[in-house]
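Visitor: Once you've had a glance at the structure underneath, I'll fire off some questions.
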Amino acid sequence: MIRPTLLSIALLLAQPALAHDFWVQPRQWAAAEGQSIPVDIMVGHGTEKERWRLTWDRLHAFRSLGPGGLVDHQASVQPTAAGRPATASARLDGEGTHLLMVESHHAMSDLAGERFQQYVADEGLSAIAAHRTATGTEAANGRELYSRRGKAIVQVGSRLTDDALTPVGQTLEIVPERHPLALAPGEPLPVRVLFRGRPLAGALIDLTHLEEGKGPVETHRTNAEGRARFTPKGAGPWKLNVIWGWPIEGRADADYESIFSSLTFRLSEPR
């Protein structure tokens, strides 16, 4: 009999108010041309993180974009089974910078009013907060339709290409405006958040070091052009995370929709 771990229980009970972060974490961030690398799809927050319970009804797409174009990697996926976490891999052809991309289908969440209000405040979901205030529904349960997006930057060979800087058409995505792997120590990383292809103002983005096991080290709201700047200090894997939510109409089971989106990359030690 497989018993759930305390972490699994904590993550389940906290969805999505705690364990909302969703990201793509390759087992290696640099690869040789044509090499297949294992890829983990993660959920969690701070020190509490684990591999996503990937099932076919939740996975919408697992692809990569690189110098050779768009490649589908769903054939590599082994979904979560009893006693075995999900596995996935991606073969990356062509020297240059590659983006690994994962998208989920929708899922539902129904949180008690006070808990939902806290989640909305913590994540800076201003459109949802304004709607609940205007309609006097702050104490009502938060019934939310949500989905997830994740991108990771992997380098093949030494030639940096602009694939990492390319919008890929995810409904909500973080697009770096400088190549993260070309940054000198202490240089800022400007990014832009796009929602339905347009710059998104007022979104709360945070930057977290994935190996330090702490909370965000920087948090900023996007300006009117959807832009923000971060300064990742030190080597290792980093995650940028953003959530956006809005009121919806015409559904009997949900009052709001939210999307969780991330971008991960690894910075090397300065030479």
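Ordering of the structure tokens sets the chain letters (A, B, ...), residue numbers begin anew at 1 in every chain, and ligands are numbered from 1 in the order given.
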Just want the 12 Å neighbourhood of Ala182 (chain A), counted on only C-alpha atoms, with same-chain residues fewer than 2 positions away dropped. Output as a list in words.
Guide: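 The neighbour list is Thr97, Gln155, Ser158, Arg159, Leu160, Thr161, Asp162, Ala164, Leu165, Pro176, Glu177, Arg178, His179, Pro180, Ala184, Pro185, Gly186, Glu187, Pro188, Leu189, Phe265, Arg266, Leu267, Ser268 and Pro270 of chain A.
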Visitor: Please provide as a VMD selection string all residues within 8 Å of region 26-31 of chain A, with the sequence filter that same-chain residues fewer than 6 positions apart are discarded (counting only C-alpha atoms).
Guide: chain A and resid 37 to 40 92 152 to 157 265 to 266
Visitor: Export N, CA and C atoms of the chosen residues as a compact mmCIF listing (two decimals), in the first residue's frame?
Guide:
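Okay, this is what ended up in again-v4.txt:
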```txt
# COMPACT_ATOMS: atom_id res chain seq x y z
N ILE A 37 17.54 14.90 -22.60
CA ILE A 37 17.71 15.22 -21.19
C ILE A 37 16.41 14.95 -20.42
N PRO A 38 16.52 14.40 -19.21
CA PRO A 38 15.32 14.22 -18.38
C PRO A 38 14.79 15.56 -17.90
N VAL A 39 13.48 15.63 -17.77
CA VAL A 39 12.82 16.88 -17.39
C VAL A 39 11.81 16.60 -16.29
N ASP A 40 11.88 17.38 -15.21
CA ASP A 40 10.89 17.31 -14.14
C ASP A 40 9.94 18.49 -14.26
N LEU A 92 17.17 17.48 -27.81
CA LEU A 92 17.34 18.84 -28.31
C LEU A 92 18.35 18.84 -29.45
N ALA A 152 11.34 26.67 -19.68
CA ALA A 152 12.69 26.56 -19.14
C ALA A 152 13.69 26.78 -20.27
N ILE A 153 14.77 27.47 -19.96
CA ILE A 153 15.82 27.73 -20.94
C ILE A 153 16.93 26.70 -20.78
N VAL A 154 17.24 26.00 -21.87
CA VAL A 154 18.33 25.02 -21.89
C VAL A 154 19.28 25.39 -23.02
N GLN A 155 20.58 25.35 -22.73
CA GLN A 155 21.57 25.72 -23.74
C GLN A 155 22.23 24.49 -24.35
N VAL A 156 22.24 24.43 -25.67
CA VAL A 156 22.91 23.36 -26.40
C VAL A 156 24.14 23.96 -27.09
N GLY A 157 25.32 23.49 -26.70
CA GLY A 157 26.54 24.07 -27.24
C GLY A 157 26.77 25.46 -26.68
N PHE A 265 15.65 29.23 -15.51
CA PHE A 265 16.94 29.25 -16.20
C PHE A 265 18.04 29.07 -15.15
N ARG A 266 19.22 28.72 -15.61
CA ARG A 266 20.35 28.55 -14.70
C ARG A 266 21.48 29.48 -15.09
```
Visitor: Between CA of Thr219 (chain A) and CA of Val120 (chain A), what is the distance, to one decimal in Å?
Guide: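 Going from CA of Thr219 (chain A) over to CA of Val120 (chain A), I get 15.7 Å.
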Visitor: Between CA of Trp246 (chain A) and CA of Leu204 (chain A), what is the spacing in Å?
Guide: 13.9 Å
Visitor: At a cut-off of 7 Å, using only C-alpha atoms, what residues contact region 121-126 of chain A? Leave out same-chain residues fewer than 5 positions from it and give the result as a ChimeraX atom specification.
Guide: /A:204,243-245
Visitor: What's the 10 Å shell around Val217 (chain A), counting only C-alpha atoms, without same-chain residues fewer than 2 positions away, as an mmCIF file with N, CA and C atoms, in the first residue's frame?
Guide:
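Output below, filename result13.cif:
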```
data_model
loop_
_atom_site.group_PDB
_atom_site.id
_atom_site.type_symbol
_atom_site.label_atom_id
_atom_site.label_comp_id
_atom_site.auth_asym_id
_atom_site.auth_seq_id
_atom_site.Cartn_x
_atom_site.Cartn_y
_atom_site.Cartn_z
ATOM 1 N N ASP A 206 7.557 37.354 -9.170
ATOM 2 C CA ASP A 206 8.594 37.152 -8.167
ATOM 3 C C ASP A 206 9.733 36.311 -8.721
ATOM 4 N N LEU A 207 10.907 36.513 -8.146
ATOM 5 C CA LEU A 207 12.130 35.804 -8.524
ATOM 6 C C LEU A 207 12.592 34.978 -7.345
ATOM 7 N N THR A 208 12.819 33.677 -7.583
ATOM 8 C CA THR A 208 13.199 32.745 -6.528
ATOM 9 C C THR A 208 14.394 31.916 -6.970
ATOM 10 N N HIS A 209 15.323 31.688 -6.053
ATOM 11 C CA HIS A 209 16.428 30.764 -6.315
ATOM 12 C C HIS A 209 15.951 29.361 -5.954
ATOM 13 N N LYS A 214 14.080 29.015 -0.141
ATOM 14 C CA LYS A 214 13.440 30.134 0.537
ATOM 15 C C LYS A 214 12.371 30.731 -0.361
ATOM 16 N N GLY A 215 11.782 31.808 0.111
ATOM 17 C CA GLY A 215 10.788 32.505 -0.683
ATOM 18 C C GLY A 215 11.439 33.420 -1.707
ATOM 19 N N THR A 219 10.468 40.923 -5.827
ATOM 20 C CA THR A 219 9.089 40.946 -6.311
ATOM 21 C C THR A 219 8.801 42.322 -6.891
ATOM 22 N N PHE A 230 14.702 42.540 -12.961
ATOM 23 C CA PHE A 230 15.191 41.755 -11.841
ATOM 24 C C PHE A 230 16.710 41.659 -11.919
ATOM 25 N N THR A 231 17.327 41.412 -10.769
ATOM 26 C CA THR A 231 18.779 41.231 -10.731
ATOM 27 C C THR A 231 19.092 39.951 -9.965
ATOM 28 N N PRO A 232 19.114 38.804 -10.666
ATOM 29 C CA PRO A 232 19.478 37.554 -9.984
ATOM 30 C C PRO A 232 20.928 37.594 -9.534
ATOM 31 N N LYS A 233 21.151 37.389 -8.246
ATOM 32 C CA LYS A 233 22.491 37.480 -7.676
ATOM 33 C C LYS A 233 23.012 36.075 -7.374
#
```
Visitor: Any idea what's packed within 7 Å of region 49-64 of chain A, counting only C-alpha atoms, ignoring anything in its chain fewer than 4 positions away? Could you give it as a list in words?
Guide: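 Near region 49-64 of chain A, the qualifying residues are Asp40, Ile41, Met42, Val43, Gly44, His45, Leu70, Val71, Asp72, His73, Gln74, Pro79, Thr80, Pro85, Ala86, His98, Leu99, Leu100, Met101, Val102, Glu103, Ser104 and His105 of chain A.
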Visitor: Got a sec: who's within 8 Å of region 108-114 of chain A, counting only C-alpha atoms, leaving out chain neighbours fewer than 4 positions off, as a list in words?
Guide: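 The residues satisfying every condition are Gln15, Pro16, Gln118, Glu138, Ala139, Ala140, Asn141, Gly142, Arg143, Glu144, Leu145, Tyr146 and Ala254 of chain A.
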Visitor: Measure the distance from CA of Asp253 (chain A) to CA of His106 (chain A) in Å and round it to one decimal.
Guide: 12.6 Å
Visitor: When you count only C-alpha atoms, which of these residues is closest to Thr87 (chain A): A:Ala129, A:Leu172, A:Ala75, A:Val242?
Guide: A:Ala75
Visitor: What are the DSSP strand (DSSP E) residues of region 72-252 of chain A, as number ranges by chain?
Guide: A: 72, 89-92, 96-104, 107-111, 142-156, 172-176, 189-195, 198-199, 204-209, 218-221, 227-230, 236-247
Visitor: Pull the alpha helix (DSSP H) assignments for region 36-240 of chain A out of DSSP run on the backbone, and list those residues as JSON, numbers by chain.
Guide: {"A": [113, 114, 115, 116, 117, 118, 119, 120, 121, 122, 126, 127, 128, 129, 130, 131, 132, 133, 134, 135]}
Visitor: Pick out the closest residue to Ile128 (chain A) from this set: A:Ile205, A:Ile248, A:Ala88, A:Leu263. Count only C-alpha atoms.
Guide: A:Ile248
